[in-house]
Amino acid sequence: MSLSSIFSQFLAIVAALLLAPLLMGWVNQWRAWFGNRSGAGLLQPYRMLHKLFHKESVVAESASPLFRFAPYVIFGCMLLASAIVPTLSTDLPLAPAADAIALVGLFALARIFISLAAMDIGTAFGTLGARREMLIGFLAEPALLTVLFTASLIGQSTSLSTIVETLAHKQFAIHPSLAFAGIAFTFVSFAENARVPVDNPATHLELTMIHEALILEYSGRHLALIEWAAALKLFAYSCIGLALFFPWGIAEAQAPLAMLFALPALVFKLATGGFLLALIETLSAKMRIFRVPEFLATAFLLAVIGMLTHILLGA
Amino acid sequence: MILGGLSIDWALFVIAVWLVLGLLGLAALRRFELVARVLFPLGALAGLVLAFAAVQGLLSTPEVAVLPIGLPQLPFHLRLDPLAAFFLFVIGAAGCGISLFAAGYFRKGEGTPPGLLCFEYHLFLASMALVVLADDAYAFMVAWESMALSSYFLVTTNHKVPEIRAAGFLYLLIAHVGAIAILLCFGVLQANTGDYTFANMRIQQLSPFWASAAFLLAVFGFGAKAGVLPLHVWLPEAHPAAPSPVSALMSGVMLKTAIYGLLRVGFDLLHLQLWWWGVLLLALGLATALFGVVFATVQSDMKRLLAYSSIENIGLLLAAIGLALVFRAYGMTALAALALTACLYHVASHAFFKSLLFLTTGSVLHATGERNLGHLGGLMRFMPWVAWLALIGVFASSGLPPFSGFVSEWLLLQSFLFTPGLPDSFLNMLIPLAAAAVALTAALAGYAMVKFFGVIFLGQPREEKLRQAHDAGMQEKAGMLWLAAWCVALGLLPNLMIRFIDPVTEKLVGQGLAQQAAANGWWLLTPTSIERASYGPLFFLLGVAAACAIAFVLVRLFYHGRLRRAAPWGCGYPWLTPRMQDTAEGYGQPIRQIFEPFFRLERQLPAPADRQPFYQVMVSDRFWHGVYLPIARAVEFLAALVGRLQQGRIATYLLYSFLTLLFMLLMVPGVKK
Amino acid sequence: MTTLISQLINLFAAVILMLSFAMLAQRRILSLIHLFALQGLAVVGATTVVAYVTDQHHLYYSAALTLALKVFLIPWLLHRLIDRLNVRWDIETLINIPSTMLIGIVLVVFAFNLALPISQLSAAITRGTLGIALASVLLSFMMMIIRSKAVPQVIGFLAMENGLFFAATSATHGMPMVVELGIALDVLVGVFILGVFMFQIREQFDSLDIRHLENLKED
């Protein structure tokens, strides 16, 4: 574990913490522009976090310690997730602790914590949100895992760093299996990050919301942590997608100086990705809740086909 | 090393202690205090000794013993090899926790007298240990049958309830059908030599046909005990019927003896392994797993939910064995060792977390008198100990890092990812599908477990009486803590555990995993190489914990820690009642809708003009209606046919005897000529 | 260079397979037509690459023919057809979509095992793709079975022809030009006849649901 690798790990964590709300703000800004509104500005998520941290937390009388404990765990899970995804560099000392499978486990841990916390108070919305979140989760999780399996089969490894290094080094290799996996991954990330075809982050209409229903009882610093965690999740998912399907510009252990270029490359890729995300969100309509399993099952099966094509075509 | 002396002697000593404790219980039939406060804790201590003996046995060479009991010329041959020692360890360690809990659990005046219960319980433990130690078919079958019988009596503890008697009968029936298959399997394995010792079976060279016959019989026989599709129907009936420590013992430990039997026959007694056995087990296992977990999510009885979750876990174990068989058949021993390690790891992990969860349902049942999820809720506030311990079990059971269930799931998925090396392209195509099915099962298990924990322990109490619920007593807590500690330890220190699994895989497939797994330090699990895959649960936990702690401290430092308690937000509606929460049925409804073809649904819909509209939906098992009821009807029909013979007139019976006599005389070869 | 070419062909094959699956999962007729046109385009791409590698000029002609017919003419005809019939939106499927895709995966595995011995004999650069071609034929066939409206069935039929064409290209580097011309003409005539047929069905039953045809049976 060299000094430079510790430094790159530290940089990755700081970049995740700082860039995640910015990405959220960027997407929201584009959504506003596409909707012919002027938007709240790129820095709005930071202002909101600052405001929420200042406010006192109001907790329901019947809340158990689990309820107060959960936001920290969710935040911790998402931070660790974005620390082990190769964002700027593949030389991450924390990465061996959790490979791709453990990363999915990390997301599952956060999901189960937030669902349990939502059920803790015992309101109609909390339980409704928990049920829907788990409904999405049980299909999205295997789909994500299968996408990562496809990448692991190509990279001959489940370690994300190794996968990214392999993918970035192949001489103009087109992997048809990754095309399937890419589409499946897009579906999954829309569902997991509560974006439009599945959930609407801007709504508080009881019949349609999922993520907002889960966190209805949270306020103050707890809410701030959860919102930050949601931004980190979007950031982590975007970075997984970028690392698997567009692995250029990520620095490696042998070339620590490439970090200088990695940051602008990352920002550029994220900006494009965020723009596309907002575009797709604006163009699509929200689905009925029972179309969501169909949507995700399609994603899951596409990922499976991706894995099959890898084995069949050997690429 | 740890205990000194031969491990097998210690194991036999523990079995003897358990039998003596049982007999003491019989002697003190109604002296509740003595049974609960002395005999059960002593049994727990014996379990601990057994676990130590097993660890010692794991690390030493196989030991044999011959007990001159039973029929003359047919002594019991016993043998403690690594495979047996591993399962003995599971029996001892899980049994220890369950016995501790049982000491505080059993109450006066519950059906069977306490002394009798103590006898049956310890006989059950002793026979499970004997099953694992047996080294000839005779001893094995005696132990197997006494295990089935003692557990049957334990299931029917509350025998005044007709449903419980029915559940017990179903269990006994399937157990015996399975036992017949196992007996036949041993019959095939001894290959007409007439020598039923395992040592003899090992040296027989069966033809592929007879080997396959033996293997299929073993799958059927042990599958009946383990609850493999379609022989699973007794599990969801018997587990809710039995008292909770017994459910814990049956689900956590007894099901594993079936896995032990399958491993013993498949890898040890049979000298060859065919690839299609593995594919068969893989398919059977995945079907069982998916079926079990889908049914678990729609249950509204907490113990039935856990019973179905056990079916799921057995399915995963079977799939792992199947994968190991495939690798073994193609001579890829390193991968076979990986799959087998995943299987054995899950055996231990499931034994601890499922026992723990069943014990928590026991505490809930005692505190509230309710088993139905629809009448529970909010118990975390009244029973914090039970709730937090249950949470550990729930995490382990959902396969979440850094708990024990995740390690086995991780190892299993890793072994799936290595399959593209197989020489058969058809298998290469099928196995990714299997990996996807495992992933789906694991995710659904999370759904079922969130339902289990959320509906019982979170939210508002659905009934007023739940507010009087009390937390578990000292012994109960101690028992659950012991099991929960194992769930955490197995999750955090995988390399340590794999060191103890190693002798087993070395014996069964000729290769171990431990050296490679710990090559990059004891904290990092690397089954092949660090570039290929690695998992460091301690780092993982530290990472999450450090992020939590830093977030906590920084928020306090920069902002404040003010907190105000208020009534929950009821969306403008001032009276928030418990009935506004999701019910257990509501929580399972999405799964019921998505997986509708799995279930047999009977709906009663209200008519528009009904004064009191009534809606009911019954979810039942297709196998019960499609397989078991037709068989039952066929048996009844045949019985009715046979019944016609019975006229009640003596003259007719004499005629039967006379005709039989004539027939027999005709058959004697000399008469014809 | 050859690795790049073979990767390109594999990529086109995967895209064709993906579009077959997308057509199975698509509920809207309009999007179905778009997907069909895209699949035609992928077939054109694959054919052109094969033509370039093997230096067979007649393959360029058949690629051009496919482009004209399957990417432009037939989708345009279908567009007109659904405008006239006024059926743009939802299609009912007989089985739900995830189950359909699951059956589809089974078909893919089946097709690959069927094609394996043949492609092992072949030394052609495209040998891995025969399985995909066969799979997309089977998938289109299944689409015809599970759709209950007439227009999607016609599209399924046409997509099946795409698969066949791709199979011919990948296995034997194309059929003789005369055969290809004949098939192209057949497909075109087929679309016209089926179009007329659909108008007849609608006139008879006021709907395009072919389950109504069951009523024609004499009891």
# chains A, B, ... in the order shown; residues from 1 in each chain; ligands from 1
call {"tool": "residues_around", "arguments": {"residues": "Thr528 of chain B", "least_positions_apart": "3", "cutoff": "7 Å", "atoms": "only C-alpha atoms", "output": "short mmCIF file (atom, residue, chain, number, x, y, z; two decimals) with all heavy atoms, in the first residue's frame"}}
result
data_model
loop_
_atom_site.label_atom_id
_atom_site.label_comp_id
_atom_site.auth_asym_id
_atom_site.auth_seq_id
_atom_site.Cartn_x
_atom_site.Cartn_y
_atom_site.Cartn_z
N GLN B 516 -4.88 -21.01 -0.20
CA GLN B 516 -5.05 -19.96 -1.20
C GLN B 516 -5.94 -18.85 -0.66
O GLN B 516 -5.69 -17.67 -0.87
CB GLN B 516 -5.64 -20.58 -2.47
CG GLN B 516 -5.95 -19.58 -3.54
CD GLN B 516 -4.74 -18.74 -3.89
OE1 GLN B 516 -3.64 -19.24 -4.05
NE2 GLN B 516 -4.95 -17.43 -3.97
N ALA B 517 -7.00 -19.24 0.07
CA ALA B 517 -7.97 -18.25 0.54
C ALA B 517 -7.32 -17.23 1.46
O ALA B 517 -7.70 -16.06 1.47
CB ALA B 517 -9.13 -18.95 1.23
N ARG B 532 -8.33 -11.89 -9.00
CA ARG B 532 -9.54 -12.51 -9.50
C ARG B 532 -10.74 -12.15 -8.60
O ARG B 532 -11.79 -11.77 -9.11
CB ARG B 532 -9.28 -14.01 -9.52
CG ARG B 532 -10.37 -14.82 -10.00
CD ARG B 532 -10.28 -15.48 -11.27
NE ARG B 532 -11.66 -15.47 -11.72
CZ ARG B 532 -12.12 -16.09 -12.74
NH1 ARG B 532 -11.32 -16.75 -13.49
NH2 ARG B 532 -13.38 -16.04 -13.05
#
call {"tool": "residues_around", "arguments": {"residues": "segment 151-163 of chain A", "least_positions_apart": "5", "cutoff": "6 Å", "atoms": "only C-alpha atoms", "output": "count of residues only"}}
result
5
call {"tool": "closest_residue", "arguments": {"among": "A:Ala179, A:Met48, A:Met119, A:Ile114", "to": "chain B", "atoms": "only C-alpha atoms"}}
result
A:Met119
call {"tool": "interface_residues", "arguments": {"of": "chain A", "to": "chain C", "cutoff": "7 Å", "atoms": "only C-alpha atoms", "output": "mmCIF file with all heavy atoms, in the first residue's frame"}}
result
data_model
loop_
_atom_site.group_PDB
_atom_site.id
_atom_site.type_symbol
_atom_site.label_atom_id
_atom_site.label_comp_id
_atom_site.auth_asym_id
_atom_site.auth_seq_id
_atom_site.Cartn_x
_atom_site.Cartn_y
_atom_site.Cartn_z
ATOM 1 N N ILE A 174 -14.723 -4.936 -29.271
ATOM 2 C CA ILE A 174 -16.148 -4.687 -29.129
ATOM 3 C C ILE A 174 -16.760 -5.916 -28.483
ATOM 4 O O ILE A 174 -16.644 -7.016 -29.011
ATOM 5 C CB ILE A 174 -16.805 -4.458 -30.494
ATOM 6 C CG1 ILE A 174 -16.010 -3.441 -31.281
ATOM 7 C CG2 ILE A 174 -18.228 -3.978 -30.318
ATOM 8 C CD1 ILE A 174 -16.350 -3.470 -32.741
ATOM 9 N N PRO A 176 -20.030 -7.674 -27.726
ATOM 10 C CA PRO A 176 -21.474 -7.637 -27.927
ATOM 11 C C PRO A 176 -22.234 -7.872 -26.620
ATOM 12 O O PRO A 176 -23.285 -7.292 -26.391
ATOM 13 C CB PRO A 176 -21.721 -8.792 -28.898
ATOM 14 C CG PRO A 176 -20.422 -9.106 -29.495
ATOM 15 C CD PRO A 176 -19.382 -8.701 -28.529
ATOM 16 N N GLU A 294 -42.233 -5.838 -14.711
ATOM 17 C CA GLU A 294 -42.029 -6.266 -16.082
ATOM 18 C C GLU A 294 -40.775 -5.592 -16.670
ATOM 19 O O GLU A 294 -39.945 -6.231 -17.311
ATOM 20 C CB GLU A 294 -43.250 -5.863 -16.892
ATOM 21 C CG GLU A 294 -43.566 -6.787 -18.023
ATOM 22 C CD GLU A 294 -44.961 -6.509 -18.532
ATOM 23 O OE1 GLU A 294 -45.126 -5.478 -19.191
ATOM 24 O OE2 GLU A 294 -45.866 -7.307 -18.255
ATOM 25 N N ALA A 297 -37.833 -7.117 -14.957
ATOM 26 C CA ALA A 297 -37.618 -8.497 -15.389
ATOM 27 C C ALA A 297 -36.981 -8.487 -16.769
ATOM 28 O O ALA A 297 -36.098 -9.294 -17.062
ATOM 29 C CB ALA A 297 -38.935 -9.253 -15.411
ATOM 30 N N THR A 298 -37.414 -7.534 -17.606
ATOM 31 C CA THR A 298 -36.789 -7.406 -18.915
ATOM 32 C C THR A 298 -35.305 -7.089 -18.760
ATOM 33 O O THR A 298 -34.457 -7.680 -19.441
ATOM 34 C CB THR A 298 -37.471 -6.278 -19.701
ATOM 35 O OG1 THR A 298 -38.875 -6.518 -19.662
ATOM 36 C CG2 THR A 298 -37.020 -6.265 -21.135
ATOM 37 N N LEU A 301 -33.492 -10.225 -17.642
ATOM 38 C CA LEU A 301 -33.326 -11.218 -18.695
ATOM 39 C C LEU A 301 -32.342 -10.731 -19.757
ATOM 40 O O LEU A 301 -31.564 -11.527 -20.288
ATOM 41 C CB LEU A 301 -34.678 -11.556 -19.307
ATOM 42 C CG LEU A 301 -35.586 -12.272 -18.308
ATOM 43 C CD1 LEU A 301 -36.965 -12.460 -18.861
ATOM 44 C CD2 LEU A 301 -34.995 -13.609 -17.926
ATOM 45 N N ILE A 305 -29.104 -12.645 -21.009
ATOM 46 C CA ILE A 305 -28.768 -12.880 -22.414
ATOM 47 C C ILE A 305 -27.362 -12.367 -22.695
ATOM 48 O O ILE A 305 -26.599 -12.978 -23.435
ATOM 49 C CB ILE A 305 -29.796 -12.204 -23.339
ATOM 50 C CG1 ILE A 305 -31.168 -12.810 -23.119
ATOM 51 C CG2 ILE A 305 -29.423 -12.386 -24.791
ATOM 52 C CD1 ILE A 305 -32.268 -11.992 -23.710
ATOM 53 N N LEU A 313 -20.462 -16.378 -27.944
ATOM 54 C CA LEU A 313 -19.582 -15.782 -28.942
ATOM 55 C C LEU A 313 -18.150 -15.690 -28.457
ATOM 56 O O LEU A 313 -17.257 -15.355 -29.212
ATOM 57 C CB LEU A 313 -20.069 -14.386 -29.314
ATOM 58 C CG LEU A 313 -21.411 -14.324 -30.035
ATOM 59 C CD1 LEU A 313 -21.822 -12.887 -30.241
ATOM 60 C CD2 LEU A 313 -21.325 -15.025 -31.365
#
call {"tool": "residues_around", "arguments": {"residues": "Phe185 of chain A", "least_positions_apart": "5", "cutoff": "8 Å", "atoms": "only C-alpha atoms", "output": "VMD selection string"}}
result
chain A and resid 143 to 144 147 241 299 303
call {"tool": "residues_around", "arguments": {"residues": "segment 27-40 of chain A", "least_positions_apart": "5", "cutoff": "8 Å", "atoms": "only C-alpha atoms", "output": "PDB file with N, CA, C and O atoms, in the first residue's frame"}}
result
ATOM      1  N   GLY A 274     -25.252  12.856 -17.104  1.00  0.00           N
ATOM      2  CA  GLY A 274     -26.343  13.551 -16.438  1.00  0.00           C
ATOM      3  C   GLY A 274     -27.287  14.192 -17.434  1.00  0.00           C
ATOM      4  O   GLY A 274     -28.517  14.150 -17.265  1.00  0.00           O
ATOM      5  N   PHE A 275     -26.706  14.746 -18.497  1.00  0.00           N
ATOM      6  CA  PHE A 275     -27.524  15.352 -19.545  1.00  0.00           C
ATOM      7  C   PHE A 275     -28.435  14.299 -20.170  1.00  0.00           C
ATOM      8  O   PHE A 275     -29.649  14.499 -20.317  1.00  0.00           O
ATOM      9  N   LEU A 277     -29.366  11.475 -18.897  1.00  0.00           N
ATOM     10  CA  LEU A 277     -30.337  11.030 -17.895  1.00  0.00           C
ATOM     11  C   LEU A 277     -31.538  11.963 -17.878  1.00  0.00           C
ATOM     12  O   LEU A 277     -32.697  11.523 -17.934  1.00  0.00           O
ATOM     13  N   ALA A 278     -31.246  13.282 -17.813  1.00  0.00           N
ATOM     14  CA  ALA A 278     -32.343  14.252 -17.777  1.00  0.00           C
ATOM     15  C   ALA A 278     -33.168  14.170 -19.058  1.00  0.00           C
ATOM     16  O   ALA A 278     -34.398  14.269 -19.030  1.00  0.00           O
ATOM     17  N   LEU A 279     -32.485  13.949 -20.183  1.00  0.00           N
ATOM     18  CA  LEU A 279     -33.190  13.879 -21.465  1.00  0.00           C
ATOM     19  C   LEU A 279     -34.154  12.690 -21.481  1.00  0.00           C
ATOM     20  O   LEU A 279     -35.348  12.831 -21.815  1.00  0.00           O
ATOM     21  N   GLU A 281     -35.336  11.107 -18.943  1.00  0.00           N
ATOM     22  CA  GLU A 281     -36.402  11.316 -17.955  1.00  0.00           C
ATOM     23  C   GLU A 281     -37.499  12.208 -18.508  1.00  0.00           C
ATOM     24  O   GLU A 281     -38.680  11.988 -18.274  1.00  0.00           O
ATOM     25  N   THR A 282     -37.094  13.230 -19.236  1.00  0.00           N
ATOM     26  CA  THR A 282     -38.096  14.153 -19.766  1.00  0.00           C
ATOM     27  C   THR A 282     -38.917  13.492 -20.856  1.00  0.00           C
ATOM     28  O   THR A 282     -40.107  13.764 -21.000  1.00  0.00           O
TER      29      THR A 282
END
call {"tool": "residues_around", "arguments": {"residues": "segment 491-500 of chain B", "least_positions_apart": "2", "cutoff": "8 Å", "atoms": "only C-alpha atoms", "output": "list in words"}}
result
Val55, Leu58, Leu59, Phe86, Thr341, Tyr345, Pro401, Pro402, Phe403, Ser404, Gly405, Phe406, Val407, Cys487, Val488, Ala489, Asp502, Pro503, Val504, Leu513, Ala514, Ala517, Ala518, Trp522, Trp523, Leu524, Leu525, Pro537 and Leu538 of chain B
call {"tool": "write_last_selection", "arguments": {"atoms": "N, CA, C and O atoms", "output": "compact mmCIF listing (two decimals), in the first residue's frame"}}
result
# COMPACT_ATOMS: atom_id res chain seq x y z
N VAL B 55 -13.96 -30.24 16.61
CA VAL B 55 -12.86 -29.44 16.06
C VAL B 55 -11.56 -30.22 16.14
O VAL B 55 -10.76 -30.27 15.20
N LEU B 58 -11.57 -32.82 13.53
CA LEU B 58 -11.37 -32.27 12.19
C LEU B 58 -9.88 -32.22 11.86
O LEU B 58 -9.48 -32.44 10.72
N LEU B 59 -9.08 -31.90 12.88
CA LEU B 59 -7.67 -31.66 12.62
C LEU B 59 -6.83 -32.92 12.76
O LEU B 59 -5.63 -32.88 12.53
N PHE B 86 -17.13 -32.29 10.94
CA PHE B 86 -17.69 -30.99 10.63
C PHE B 86 -19.16 -30.93 11.03
O PHE B 86 -19.62 -29.97 11.64
N THR B 341 -16.84 -25.97 -0.47
CA THR B 341 -16.61 -25.07 0.66
C THR B 341 -17.82 -24.15 0.83
O THR B 341 -18.28 -23.92 1.95
N TYR B 345 -19.93 -24.11 4.17
CA TYR B 345 -20.02 -22.84 4.88
C TYR B 345 -21.48 -22.49 5.12
O TYR B 345 -21.88 -22.02 6.18
N PRO B 401 -23.75 -8.55 3.49
CA PRO B 401 -22.45 -8.39 4.11
C PRO B 401 -22.59 -7.47 5.31
O PRO B 401 -23.46 -6.61 5.30
N PRO B 402 -21.80 -7.59 6.33
CA PRO B 402 -20.74 -8.57 6.54
C PRO B 402 -21.17 -9.73 7.42
O PRO B 402 -20.42 -10.14 8.30
N PHE B 403 -22.35 -10.29 7.22
CA PHE B 403 -22.80 -11.39 8.07
C PHE B 403 -22.57 -12.73 7.38
O PHE B 403 -22.14 -12.79 6.22
N SER B 404 -22.89 -13.80 8.12
CA SER B 404 -22.43 -15.12 7.69
C SER B 404 -23.05 -15.56 6.37
O SER B 404 -22.40 -16.21 5.57
N GLY B 405 -24.35 -15.22 6.15
CA GLY B 405 -24.99 -15.70 4.93
C GLY B 405 -24.31 -15.20 3.68
O GLY B 405 -24.29 -15.89 2.67
N PHE B 406 -23.72 -14.02 3.76
CA PHE B 406 -23.11 -13.45 2.56
C PHE B 406 -21.89 -14.23 2.13
O PHE B 406 -21.65 -14.39 0.93
N VAL B 407 -21.11 -14.70 3.09
CA VAL B 407 -19.86 -15.38 2.73
C VAL B 407 -20.17 -16.61 1.89
O VAL B 407 -19.57 -16.83 0.83
N CYS B 487 -23.20 -16.09 14.02
CA CYS B 487 -23.58 -15.46 12.74
C CYS B 487 -22.59 -14.35 12.40
O CYS B 487 -22.17 -14.19 11.26
N VAL B 488 -22.22 -13.57 13.44
CA VAL B 488 -21.30 -12.46 13.20
C VAL B 488 -19.89 -12.98 12.94
O VAL B 488 -19.22 -12.56 12.00
N ALA B 489 -19.48 -13.95 13.78
CA ALA B 489 -18.10 -14.45 13.65
C ALA B 489 -17.90 -15.11 12.29
O ALA B 489 -16.88 -14.90 11.63
N ASP B 502 -11.44 -27.12 5.38
CA ASP B 502 -10.42 -27.67 4.49
C ASP B 502 -10.23 -29.18 4.59
O ASP B 502 -10.21 -29.86 3.57
N PRO B 503 -10.07 -29.73 5.81
CA PRO B 503 -9.87 -31.18 5.88
C PRO B 503 -11.01 -31.94 5.19
O PRO B 503 -10.78 -32.98 4.60
N VAL B 504 -12.23 -31.38 5.26
CA VAL B 504 -13.37 -32.07 4.67
C VAL B 504 -13.25 -32.08 3.15
O VAL B 504 -13.36 -33.14 2.52
N LEU B 513 -8.92 -25.35 0.23
CA LEU B 513 -9.01 -23.98 -0.25
C LEU B 513 -8.26 -23.02 0.66
O LEU B 513 -7.88 -21.92 0.26
N ALA B 514 -8.02 -23.47 1.90
CA ALA B 514 -7.64 -22.52 2.95
C ALA B 514 -6.36 -21.78 2.62
O ALA B 514 -6.28 -20.57 2.80
N ALA B 517 -7.00 -19.24 0.07
CA ALA B 517 -7.97 -18.25 0.54
C ALA B 517 -7.32 -17.23 1.46
O ALA B 517 -7.70 -16.06 1.47
N ALA B 518 -6.34 -17.69 2.25
CA ALA B 518 -5.73 -16.78 3.21
C ALA B 518 -4.36 -16.29 2.74
O ALA B 518 -3.60 -15.74 3.50
N TRP B 522 -4.98 -12.99 6.71
CA TRP B 522 -6.12 -13.69 7.30
C TRP B 522 -7.40 -12.86 7.18
O TRP B 522 -8.49 -13.37 7.31
N TRP B 523 -7.25 -11.59 6.91
CA TRP B 523 -8.46 -10.75 6.89
C TRP B 523 -9.09 -10.69 5.50
O TRP B 523 -10.16 -10.16 5.32
N LEU B 524 -8.38 -11.23 4.50
CA LEU B 524 -8.86 -11.08 3.14
C LEU B 524 -9.14 -12.46 2.56
O LEU B 524 -8.26 -13.33 2.56
N LEU B 525 -10.37 -12.66 2.07
CA LEU B 525 -10.75 -13.95 1.51
C LEU B 525 -10.48 -13.92 0.01
O LEU B 525 -11.10 -13.17 -0.72
N PRO B 537 -14.28 -8.94 4.90
CA PRO B 537 -15.43 -8.49 5.69
C PRO B 537 -15.07 -7.54 6.81
O PRO B 537 -15.83 -6.62 7.11
N LEU B 538 -13.88 -7.74 7.41
CA LEU B 538 -13.52 -6.84 8.50
C LEU B 538 -13.31 -5.42 8.01
O LEU B 538 -13.80 -4.45 8.58
call {"tool": "residues_around", "arguments": {"residues": "Val187 of chain C", "least_positions_apart": "5", "cutoff": "10 Å", "atoms": "only C-alpha atoms", "output": "list in words"}}
result
Leu69, Lys70, Ile74, Phe157, Leu158, Glu161, Leu181, Gly182, Phe192 and Ile193 of chain C
call {"tool": "select_by_dssp", "arguments": {"residues": "segment 18-145 of chain C", "states": "helix (DSSP H, G or I)", "output": "PyMOL selection string"}}
result
chain C and resi 18-25+29-54+57-85+97-121+127-145
call {"tool": "atom_distance", "arguments": {"atom1": "atom CA of Pro247 of chain A", "atom2": "atom CA of Ala168 of chain A"}}
result
5.4 Å
call {"tool": "closest_residue", "arguments": {"among": "B:Leu154, B:Lys451, B:Leu563, B:Phe540", "to": "Ile84 of chain A", "atoms": "only C-alpha atoms"}}
result
B:Phe540
call {"tool": "interface_residues", "arguments": {"of": "chain B", "to": "chain C", "cutoff": "12 Å", "atoms": "only C-alpha atoms", "output": "ChimeraX atom specification"}}
result
/B:424-433,437,594-597
call {"tool": "residues_around", "arguments": {"residues": "Phe69 of chain A", "least_positions_apart": "5", "cutoff": "12 Å", "atoms": "only C-alpha atoms", "output": "ChimeraX atom specification"}}
result
/A:59,63-64,74-76,110,113-114,116-117,120,218,221-222,225-226 /B:545,548-549,551-552
call {"tool": "select_by_dssp", "arguments": {"residues": "segment 59-290 of chain A", "states": "strand (DSSP E or B)", "output": "list in words"}}
result
Val59, Ala60, Ser89 and Ala251 of chain A
call {"tool": "closest_residue", "arguments": {"among": "B:Tyr330, B:Trp410, B:Phe76, B:Phe186", "to": "chain A", "atoms": "only C-alpha atoms"}}
result
B:Trp410
call {"tool": "atom_distance", "arguments": {"atom1": "atom CA of Ala15 of chain A", "atom2": "atom CA of Ala265 of chain A"}}
result
13.0 Å
call {"tool": "closest_residue", "arguments": {"among": "B:Pro630, B:Gly22, B:Pro114, B:Gly561", "to": "chain A", "atoms": "only C-alpha atoms"}}
result
B:Gly561
